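Structure first, commentary second.
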Amino acid sequence: MTPLIVIAAMAMMIVGTTATAQPTQDKVARRIGDPAGTGRWPAVAEGFADAPGYTLYRPATWPRERLPLVLWGNGGCRDNGLSASHFLREIASHGYIVIANGAPREEQPPLTALPNEDDAPAPAGPPPAKADETQVSQMLAAIDWATQGIHRDHVDAQRIAVMGHSCGGLQALAAGADPRIDTVVAFNSGVYNRPGGGLSGVWITKDDLKKLHTPVAYILGGPSDIAYPNGSDDVARLSHVAVFYANKDTGHGGTFSLVNGGDYGRIAVGWLDWQLKQDAGAAAMFVGADCTLCQDPNWSIIRKQFPEQP
């Protein structure tokens, strides 16, 4: 073999090695924050070079069994997968893989109490309408990424929930039409009563609610919640799937910013444990005349097309 041929062969080997090594390097996780959450498996957030549009939450120590998948849409459809990080770590700590739309950009420390609205500055006018930073298609594409990515052996793709806050709740309601979805939760959200009347670019109408095929929960923040009339109207219209409606005076921001997501974290885990894990103890939070949330005077509850027993 001539020297030129040997050199060419060595160059091809180097190129081949680089080409195969790079994707592996891209899949290495960048961990964000310490493990947190009240579940059996304190959870961490991760970012990935091969999926720059997502933030993943998962138990720091993997359980032996495969875990259900939860897809999350941020408030404002923002491209910040850390915007509800304390809430999402809480969910993941109970044995879930959560993929949030948006890169892991900015995280705020948790609060121990919700801000006093009387002390807050008067809000400025609504921001000018602009294109949403994340999309419904992006949310659903996370299913394929999860089942093909570095954690694929831990994902149970037969158990999938979509959830979101405000504009992200609209994304969840739209994504809920996908046949792979098993349940939907919309926090401080609802389809606009006047089509196109909001700031979001998520195009979903009241007629699209007929495409939902799973149990759906609406968690609203009282009359001061800008989504309150929209979500309440959705619940009144839905007549073909089981609907759970819980309303408490938290305002539009809910309790996501509190340690472990506050009440919203507790309700989300209970709903997911019931819907995706068939946990009868968790169902007691929602089902029956003496359901846990029904007995809490701070919450107003409506149930439609609902089972009588866990």
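Scheme for the structure tokens: letters A, B, ... for chains in order shown; per-chain residue numbers from 1; ligand numbers from 1 in order shown.
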
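Of all the residues in segment 27-85 of chain A, the ones DSSP labels as strand (DSSP E) from the backbone are Ala29, Arg30, Arg31, Ile32, Gly33, Asp34, Pro35, Ala36, Ala43, Val44, Ala45, Glu46, Gly47, Phe48, Tyr54, Thr55, Leu56, Tyr57, Arg58, Pro59, Leu67, Pro68, Leu69, Val70, Leu71, Trp72 and Gly73 of chain A.
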
Selection above as a file: C-alpha atoms, as a PDB file, in the first residue's frame:
ATOM      1  CA  ALA A  29     -27.389  16.016  29.520  1.00  0.00           C
ATOM      2  CA  ARG A  30     -26.684  19.347  31.163  1.00  0.00           C
ATOM      3  CA  ARG A  31     -28.194  19.128  34.644  1.00  0.00           C
ATOM      4  CA  ILE A  32     -29.876  22.237  36.057  1.00  0.00           C
ATOM      5  CA  GLY A  33     -30.481  22.652  39.782  1.00  0.00           C
ATOM      6  CA  ASP A  34     -30.475  20.244  42.686  1.00  0.00           C
ATOM      7  CA  PRO A  35     -32.888  17.294  43.009  1.00  0.00           C
ATOM      8  CA  ALA A  36     -36.222  18.446  44.441  1.00  0.00           C
ATOM      9  CA  ALA A  43     -36.099  15.128  40.367  1.00  0.00           C
ATOM     10  CA  VAL A  44     -33.717  17.206  38.283  1.00  0.00           C
ATOM     11  CA  ALA A  45     -34.016  19.338  35.160  1.00  0.00           C
ATOM     12  CA  GLU A  46     -31.871  18.666  32.105  1.00  0.00           C
ATOM     13  CA  GLY A  47     -31.038  20.342  28.810  1.00  0.00           C
ATOM     14  CA  PHE A  48     -29.709  18.606  25.698  1.00  0.00           C
ATOM     15  CA  TYR A  54     -36.928  21.307  25.292  1.00  0.00           C
ATOM     16  CA  THR A  55     -36.269  21.037  29.007  1.00  0.00           C
ATOM     17  CA  LEU A  56     -36.575  17.574  30.538  1.00  0.00           C
ATOM     18  CA  TYR A  57     -37.449  16.751  34.162  1.00  0.00           C
ATOM     19  CA  ARG A  58     -36.863  13.273  35.551  1.00  0.00           C
ATOM     20  CA  PRO A  59     -35.993  11.417  38.768  1.00  0.00           C
ATOM     21  CA  LEU A  67     -42.333   6.074  33.545  1.00  0.00           C
ATOM     22  CA  PRO A  68     -45.355   7.858  32.052  1.00  0.00           C
ATOM     23  CA  LEU A  69     -44.623  10.895  29.899  1.00  0.00           C
ATOM     24  CA  VAL A  70     -45.988  14.384  30.604  1.00  0.00           C
ATOM     25  CA  LEU A  71     -45.768  17.157  27.983  1.00  0.00           C
ATOM     26  CA  TRP A  72     -45.865  20.743  29.269  1.00  0.00           C
ATOM     27  CA  GLY A  73     -46.692  24.114  27.684  1.00  0.00           C
TER      28      GLY A  73
END

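Among the candidate residues A:Gln158, A:Thr61, A:Ser300, A:Thr292, the one lying nearest to Ile181 of chain A is A:Gln158, with distances computed using only C-alpha atoms.
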
Q: Pick out the residues sitting within 9 Å of Ala284 of chain A, and hand them over as a PyMOL selection string; count only C-alpha atoms, and ignore anything fewer than 4 positions along from it in its own chain.
A: chain A and resi 270+274+280+288+290-293+309-310

Write a file of the just-selected residues containing C-alpha atoms, as a PDB file, in the first residue's frame.
ATOM      1  CA  GLY A 270     -53.014  13.419  42.093  1.00  0.00           C
ATOM      2  CA  TRP A 274     -55.185   8.536  38.927  1.00  0.00           C
ATOM      3  CA  ALA A 280     -57.399   4.589  43.673  1.00  0.00           C
ATOM      4  CA  GLY A 288     -67.073  10.686  45.240  1.00  0.00           C
ATOM      5  CA  ASP A 290     -66.417  13.200  49.950  1.00  0.00           C
ATOM      6  CA  CYS A 291     -63.589  13.816  47.503  1.00  0.00           C
ATOM      7  CA  THR A 292     -60.653  15.645  49.074  1.00  0.00           C
ATOM      8  CA  LEU A 293     -60.968  18.772  46.966  1.00  0.00           C
ATOM      9  CA  GLN A 309     -66.552   5.673  42.374  1.00  0.00           C
ATOM     10  CA  PRO A 310     -62.743   5.580  42.173  1.00  0.00           C
TER      11      PRO A 310
END

Q. From the set A:Leu111, A:Leu272, A:Val216, A:Val136, which residue has the shortest atom-to-atom contact distance to Val98 of chain A, counting only C-alpha atoms?
A. A:Leu272

Q) Near Ile267 of chain A, counting only C-alpha atoms, which residues have an atom at most 10 Å away, once you skip same-chain residues fewer than 6 positions from it, shown as a PyMOL selection string? A) chain A and resi 91+219+246+261+273+282+285-286+293

Q: Using only C-alpha atoms, determine which residues lie at most 12 Å from Ala268 of chain A, disregarding the query and same-chain residues fewer than 6 positions distant; provide the list as a PyMOL selection string.
A: chain A and resi 70+72+87-92+94+96+161-165+183-187+216-219+246+255-256+260-262+274-276+282-283+285-286

Atoms kept (N, CA and C atoms) for selection, written as an mmCIF file, in the first residue's frame:
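The new file selection38.cif reads:
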data_model
loop_
_atom_site.group_PDB
_atom_site.id
_atom_site.type_symbol
_atom_site.label_atom_id
_atom_site.label_comp_id
_atom_site.auth_asym_id
_atom_site.auth_seq_id
_atom_site.Cartn_x
_atom_site.Cartn_y
_atom_site.Cartn_z
ATOM 1 N N VAL A 70 -45.156 13.191 30.469
ATOM 2 C CA VAL A 70 -45.988 14.384 30.604
ATOM 3 C C VAL A 70 -45.390 15.480 29.732
ATOM 4 N N TRP A 72 -45.496 19.500 28.595
ATOM 5 C CA TRP A 72 -45.865 20.743 29.269
ATOM 6 C C TRP A 72 -45.721 21.961 28.346
ATOM 7 N N PHE A 87 -42.716 23.383 40.069
ATOM 8 C CA PHE A 87 -43.908 22.580 39.828
ATOM 9 C C PHE A 87 -43.565 21.314 39.045
ATOM 10 N N LEU A 88 -42.728 21.439 38.024
ATOM 11 C CA LEU A 88 -42.423 20.293 37.164
ATOM 12 C C LEU A 88 -41.472 19.307 37.833
ATOM 13 N N ARG A 89 -40.536 19.796 38.650
ATOM 14 C CA ARG A 89 -39.706 18.863 39.421
ATOM 15 C C ARG A 89 -40.576 18.071 40.401
ATOM 16 N N GLU A 90 -41.575 18.742 40.985
ATOM 17 C CA GLU A 90 -42.475 18.038 41.899
ATOM 18 C C GLU A 90 -43.177 16.882 41.186
ATOM 19 N N ILE A 91 -43.691 17.126 40.002
ATOM 20 C CA ILE A 91 -44.361 16.068 39.245
ATOM 21 C C ILE A 91 -43.388 14.928 38.957
ATOM 22 N N ALA A 92 -42.211 15.268 38.424
ATOM 23 C CA ALA A 92 -41.242 14.233 38.058
ATOM 24 C C ALA A 92 -40.815 13.407 39.264
ATOM 25 N N HIS A 94 -42.488 12.198 41.504
ATOM 26 C CA HIS A 94 -43.465 11.147 41.791
ATOM 27 C C HIS A 94 -43.456 10.050 40.721
ATOM 28 N N TYR A 96 -42.411 10.434 37.034
ATOM 29 C CA TYR A 96 -42.812 10.845 35.692
ATOM 30 C C TYR A 96 -41.612 11.435 34.969
ATOM 31 N N ALA A 161 -49.636 12.319 29.103
ATOM 32 C CA ALA A 161 -50.508 13.442 29.446
ATOM 33 C C ALA A 161 -49.966 14.713 28.805
ATOM 34 N N VAL A 162 -50.874 15.657 28.500
ATOM 35 C CA VAL A 162 -50.473 17.001 28.082
ATOM 36 C C VAL A 162 -51.062 17.989 29.076
ATOM 37 N N MET A 163 -50.239 18.952 29.489
ATOM 38 C CA MET A 163 -50.672 19.957 30.440
ATOM 39 C C MET A 163 -50.050 21.297 30.044
ATOM 40 N N GLY A 164 -50.637 22.386 30.526
ATOM 41 C CA GLY A 164 -50.028 23.671 30.266
ATOM 42 C C GLY A 164 -50.717 24.784 31.015
ATOM 43 N N HIS A 165 -50.039 25.922 31.081
ATOM 44 C CA HIS A 165 -50.524 27.104 31.789
ATOM 45 C C HIS A 165 -50.847 28.207 30.783
ATOM 46 N N THR A 183 -54.713 12.001 28.728
ATOM 47 C CA THR A 183 -55.439 12.965 29.566
ATOM 48 C C THR A 183 -54.878 14.355 29.313
ATOM 49 N N VAL A 184 -55.692 15.382 29.636
ATOM 50 C CA VAL A 184 -55.346 16.778 29.395
ATOM 51 C C VAL A 184 -55.623 17.574 30.666
ATOM 52 N N VAL A 185 -54.717 18.500 31.014
ATOM 53 C CA VAL A 185 -54.948 19.425 32.127
ATOM 54 C C VAL A 185 -54.624 20.833 31.647
ATOM 55 N N ALA A 186 -55.597 21.739 31.777
ATOM 56 C CA ALA A 186 -55.421 23.139 31.393
ATOM 57 C C ALA A 186 -55.454 23.988 32.655
ATOM 58 N N PHE A 187 -54.336 24.625 32.973
ATOM 59 C CA PHE A 187 -54.247 25.494 34.140
ATOM 60 C C PHE A 187 -54.442 26.946 33.705
ATOM 61 N N VAL A 216 -60.479 15.396 30.974
ATOM 62 C CA VAL A 216 -59.802 16.690 30.950
ATOM 63 C C VAL A 216 -60.089 17.424 32.249
ATOM 64 N N ALA A 217 -59.070 18.106 32.774
ATOM 65 C CA ALA A 217 -59.223 18.896 33.991
ATOM 66 C C ALA A 217 -58.893 20.352 33.694
ATOM 67 N N TYR A 218 -59.729 21.239 34.235
ATOM 68 C CA TYR A 218 -59.476 22.678 34.174
ATOM 69 C C TYR A 218 -59.228 23.161 35.598
ATOM 70 N N ILE A 219 -58.097 23.821 35.821
ATOM 71 C CA ILE A 219 -57.765 24.401 37.125
ATOM 72 C C ILE A 219 -57.678 25.908 36.922
ATOM 73 N N ALA A 246 -61.827 22.780 38.826
ATOM 74 C CA ALA A 246 -61.506 23.244 40.175
ATOM 75 C C ALA A 246 -61.096 24.706 40.090
ATOM 76 N N THR A 255 -50.263 28.804 41.417
ATOM 77 C CA THR A 255 -49.295 28.571 42.504
ATOM 78 C C THR A 255 -47.993 27.949 42.000
ATOM 79 N N PHE A 256 -47.722 28.070 40.718
ATOM 80 C CA PHE A 256 -46.517 27.459 40.151
ATOM 81 C C PHE A 256 -45.243 27.939 40.823
ATOM 82 N N ASN A 260 -42.416 23.527 45.418
ATOM 83 C CA ASN A 260 -43.039 22.307 44.870
ATOM 84 C C ASN A 260 -44.350 22.580 44.142
ATOM 85 N N GLY A 261 -44.544 23.821 43.691
ATOM 86 C CA GLY A 261 -45.737 24.145 42.910
ATOM 87 C C GLY A 261 -46.993 24.355 43.713
ATOM 88 N N GLY A 262 -46.895 24.358 45.060
ATOM 89 C CA GLY A 262 -48.069 24.631 45.892
ATOM 90 C C GLY A 262 -49.232 23.705 45.598
ATOM 91 N N TRP A 274 -53.901 9.193 39.201
ATOM 92 C CA TRP A 274 -55.185 8.536 38.927
ATOM 93 C C TRP A 274 -55.302 8.155 37.460
ATOM 94 N N GLN A 275 -55.061 9.112 36.575
ATOM 95 C CA GLN A 275 -55.316 8.896 35.155
ATOM 96 C C GLN A 275 -54.288 7.983 34.486
ATOM 97 N N LEU A 276 -53.017 8.105 34.875
ATOM 98 C CA LEU A 276 -51.969 7.349 34.191
ATOM 99 C C LEU A 276 -51.490 6.130 34.964
ATOM 100 N N ALA A 282 -55.252 8.168 44.834
ATOM 101 C CA ALA A 282 -55.199 9.472 44.178
ATOM 102 C C ALA A 282 -56.575 9.874 43.645
ATOM 103 N N ALA A 283 -57.349 8.901 43.172
ATOM 104 C CA ALA A 283 -58.681 9.202 42.641
ATOM 105 C C ALA A 283 -59.575 9.823 43.696
ATOM 106 N N MET A 285 -59.084 12.134 45.575
ATOM 107 C CA MET A 285 -59.002 13.590 45.567
ATOM 108 C C MET A 285 -60.099 14.193 44.691
ATOM 109 N N PHE A 286 -60.595 13.410 43.706
ATOM 110 C CA PHE A 286 -61.492 13.938 42.690
ATOM 111 C C PHE A 286 -62.866 13.272 42.654
#

Q: Quick one: pick out all alpha helix (DSSP H) residues within segment 71-278 of chain A from a backbone DSSP run and write them as a PyMOL selection string.
A: chain A and resi 85-92+136-148+167-175+228-237+262-277

Q) Quick one: distance from atom CA of Glu107 of chain A to atom CA of Ser83 of chain A in Å, one decimal? A)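 Distance between the two atoms: 6.2 Å.
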
Q) What gap, in Å, lies between atom CA of Ser257 of chain A and atom CA of Thr112 of chain A? A)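 Separating atom CA of Ser257 of chain A from atom CA of Thr112 of chain A is a distance of 8.5 Å.
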
For Gly53 of chain A, please output as a short mmCIF file (atom, residue, chain, number, x, y, z; two decimals) with N, CA, C and O atoms, in the first residue's frame all residues within 9 Å (counting only C-alpha atoms; exclusion window: fewer than 5 positions along the same chain).
data_model
loop_
_atom_site.label_atom_id
_atom_site.label_comp_id
_atom_site.auth_asym_id
_atom_site.auth_seq_id
_atom_site.Cartn_x
_atom_site.Cartn_y
_atom_site.Cartn_z
N GLY A 47 -31.02 19.82 30.17
CA GLY A 47 -31.04 20.34 28.81
C GLY A 47 -30.14 19.50 27.93
O GLY A 47 -29.17 18.90 28.41
N PHE A 48 -30.45 19.46 26.63
CA PHE A 48 -29.71 18.61 25.70
C PHE A 48 -29.37 19.39 24.44
O PHE A 48 -30.21 20.10 23.88
N ASP A 79 -40.53 30.45 25.40
CA ASP A 79 -39.40 29.56 25.15
C ASP A 79 -38.49 29.55 26.37
O ASP A 79 -37.34 29.97 26.33
N ASN A 80 -39.05 29.10 27.49
CA ASN A 80 -38.27 28.96 28.72
C ASN A 80 -38.82 27.76 29.48
O ASN A 80 -39.80 27.87 30.21
N GLY A 81 -38.16 26.64 29.30
CA GLY A 81 -38.62 25.41 29.94
C GLY A 81 -38.42 25.37 31.44
O GLY A 81 -38.82 24.40 32.08
N ALA A 100 -40.84 19.86 28.92
CA ALA A 100 -41.43 21.19 28.74
C ALA A 100 -41.01 21.77 27.41
O ALA A 100 -39.83 21.69 27.03
N ASN A 101 -41.96 22.39 26.71
CA ASN A 101 -41.60 23.19 25.55
C ASN A 101 -40.66 24.29 26.01
O ASN A 101 -40.87 24.92 27.04
N GLY A 102 -39.60 24.54 25.24
CA GLY A 102 -38.72 25.65 25.56
C GLY A 102 -37.38 25.23 26.12
O GLY A 102 -37.26 24.28 26.89
N ALA A 103 -36.37 25.97 25.75
CA ALA A 103 -35.02 25.73 26.25
C ALA A 103 -34.93 26.10 27.73
O ALA A 103 -35.71 26.91 28.22
N PRO A 104 -33.98 25.50 28.46
CA PRO A 104 -33.81 25.84 29.88
C PRO A 104 -33.09 27.17 30.04
O PRO A 104 -31.87 27.22 30.21
N THR A 134 -43.19 29.07 21.24
CA THR A 134 -43.24 27.61 21.12
C THR A 134 -44.55 27.23 20.45
O THR A 134 -45.49 28.03 20.37
N GLN A 138 -44.43 21.35 18.25
CA GLN A 138 -43.22 21.12 19.04
C GLN A 138 -43.53 20.25 20.26
O GLN A 138 -42.78 19.33 20.60
#

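Omitting segment 212-215 of chain A and its sequence neighbours fewer than 3 positions away, and counting only C-alpha atoms, the residues within 9 Å are A:Leu173, A:Ala174, A:Ala175, A:Gly176, A:Ala177, A:Asp178, A:Pro179, A:Ile181, A:Asp182, A:Thr183, A:Val184, A:Val185, A:Asp208, A:Leu209, A:His240, A:Val241, A:Ala242, A:Val243, A:Phe244, A:Gln275, A:Phe306.
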
Hey, can you spit out that residue selection with N, CA, C and O atoms as a CSV table (one decimal), in the first residue's frame?
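This went into part-v1.csv:
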chain,number,residue,atom,x,y,z
A,173,LEU,N,-54.7,21.8,25.2
A,173,LEU,CA,-56.0,21.5,24.7
A,173,LEU,C,-56.0,21.1,23.2
A,173,LEU,O,-56.7,20.2,22.7
A,174,ALA,N,-55.2,21.8,22.4
A,174,ALA,CA,-55.1,21.5,21.0
A,174,ALA,C,-54.4,20.1,20.8
A,174,ALA,O,-54.8,19.3,20.0
A,175,ALA,N,-53.3,19.9,21.6
A,175,ALA,CA,-52.6,18.6,21.4
A,175,ALA,C,-53.4,17.4,21.9
A,175,ALA,O,-53.2,16.3,21.5
A,176,GLY,N,-54.4,17.7,22.8
A,176,GLY,CA,-55.2,16.6,23.3
A,176,GLY,C,-56.0,15.9,22.3
A,176,GLY,O,-56.6,14.8,22.6
A,177,ALA,N,-56.2,16.4,21.1
A,177,ALA,CA,-56.8,15.7,20.0
A,177,ALA,C,-56.0,14.6,19.5
A,177,ALA,O,-56.6,13.7,18.8
A,178,ASP,N,-54.7,14.5,19.7
A,178,ASP,CA,-53.8,13.5,19.2
A,178,ASP,C,-54.2,12.2,19.9
A,178,ASP,O,-54.4,12.1,21.1
A,179,PRO,N,-54.4,11.1,19.1
A,179,PRO,CA,-54.8,9.8,19.7
A,179,PRO,C,-53.8,9.2,20.7
A,179,PRO,O,-54.2,8.3,21.4
A,181,ILE,N,-52.6,10.7,23.2
A,181,ILE,CA,-52.7,11.4,24.5
A,181,ILE,C,-53.8,10.7,25.4
A,181,ILE,O,-54.9,10.3,24.9
A,182,ASP,N,-53.5,10.6,26.7
A,182,ASP,CA,-54.4,9.9,27.6
A,182,ASP,C,-55.2,10.8,28.5
A,182,ASP,O,-56.2,10.4,29.1
A,183,THR,N,-54.7,12.0,28.7
A,183,THR,CA,-55.4,13.0,29.6
A,183,THR,C,-54.9,14.4,29.3
A,183,THR,O,-53.7,14.5,28.8
A,184,VAL,N,-55.7,15.4,29.6
A,184,VAL,CA,-55.3,16.8,29.4
A,184,VAL,C,-55.6,17.6,30.7
A,184,VAL,O,-56.7,17.4,31.3
A,185,VAL,N,-54.7,18.5,31.0
A,185,VAL,CA,-54.9,19.4,32.1
A,185,VAL,C,-54.6,20.8,31.6
A,185,VAL,O,-53.5,21.1,31.2
A,208,ASP,N,-63.3,22.8,18.3
A,208,ASP,CA,-62.2,21.9,18.5
A,208,ASP,C,-62.2,21.1,19.8
A,208,ASP,O,-61.6,20.1,19.9
A,209,LEU,N,-63.0,21.6,20.8
A,209,LEU,CA,-63.1,20.9,22.0
A,209,LEU,C,-63.8,19.5,21.8
A,209,LEU,O,-63.5,18.6,22.5
A,240,HIS,N,-69.0,15.3,26.2
A,240,HIS,CA,-68.7,14.0,25.6
A,240,HIS,C,-67.5,13.3,26.3
A,240,HIS,O,-67.3,12.1,26.0
A,241,VAL,N,-66.8,14.0,27.2
A,241,VAL,CA,-65.7,13.4,28.0
A,241,VAL,C,-65.9,13.8,29.4
A,241,VAL,O,-66.6,14.8,29.8
A,242,ALA,N,-65.2,13.1,30.3
A,242,ALA,CA,-65.2,13.4,31.7
A,242,ALA,C,-64.5,14.7,31.9
A,242,ALA,O,-63.4,14.9,31.4
A,243,VAL,N,-65.1,15.6,32.7
A,243,VAL,CA,-64.5,16.9,32.9
A,243,VAL,C,-64.4,17.2,34.4
A,243,VAL,O,-65.4,17.0,35.2
A,244,PHE,N,-63.3,17.6,34.9
A,244,PHE,CA,-63.1,18.1,36.3
A,244,PHE,C,-62.7,19.5,36.3
A,244,PHE,O,-61.8,19.9,35.6
A,275,GLN,N,-55.1,9.1,36.6
A,275,GLN,CA,-55.3,8.9,35.2
A,275,GLN,C,-54.3,8.0,34.5
A,275,GLN,O,-54.6,7.2,33.6
A,306,PHE,N,-68.7,12.1,34.9
A,306,PHE,CA,-67.7,11.7,35.8
A,306,PHE,C,-68.1,10.3,36.5
A,306,PHE,O,-69.2,10.1,36.8

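Between atom CA of Asn230 of chain A and atom CA of Thr250 of chain A lies a distance of 16.3 Å.
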
Q: Compare A:Asp153, A:Tyr192, A:Pro307, A:Thr38 by their minimum atom-to-atom distance to Glu65 of chain A, counting only C-alpha atoms, and give me the closest one.
A: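 Of all the options, A:Asp153 lies closest to Glu65 of chain A.
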
**Q.** Distance criterion (only C-alpha atoms): nearest to Val269 of chain A out of A:Met139, A:Ile301, A:Gly281, A:Ser232
**A.** A:Gly281
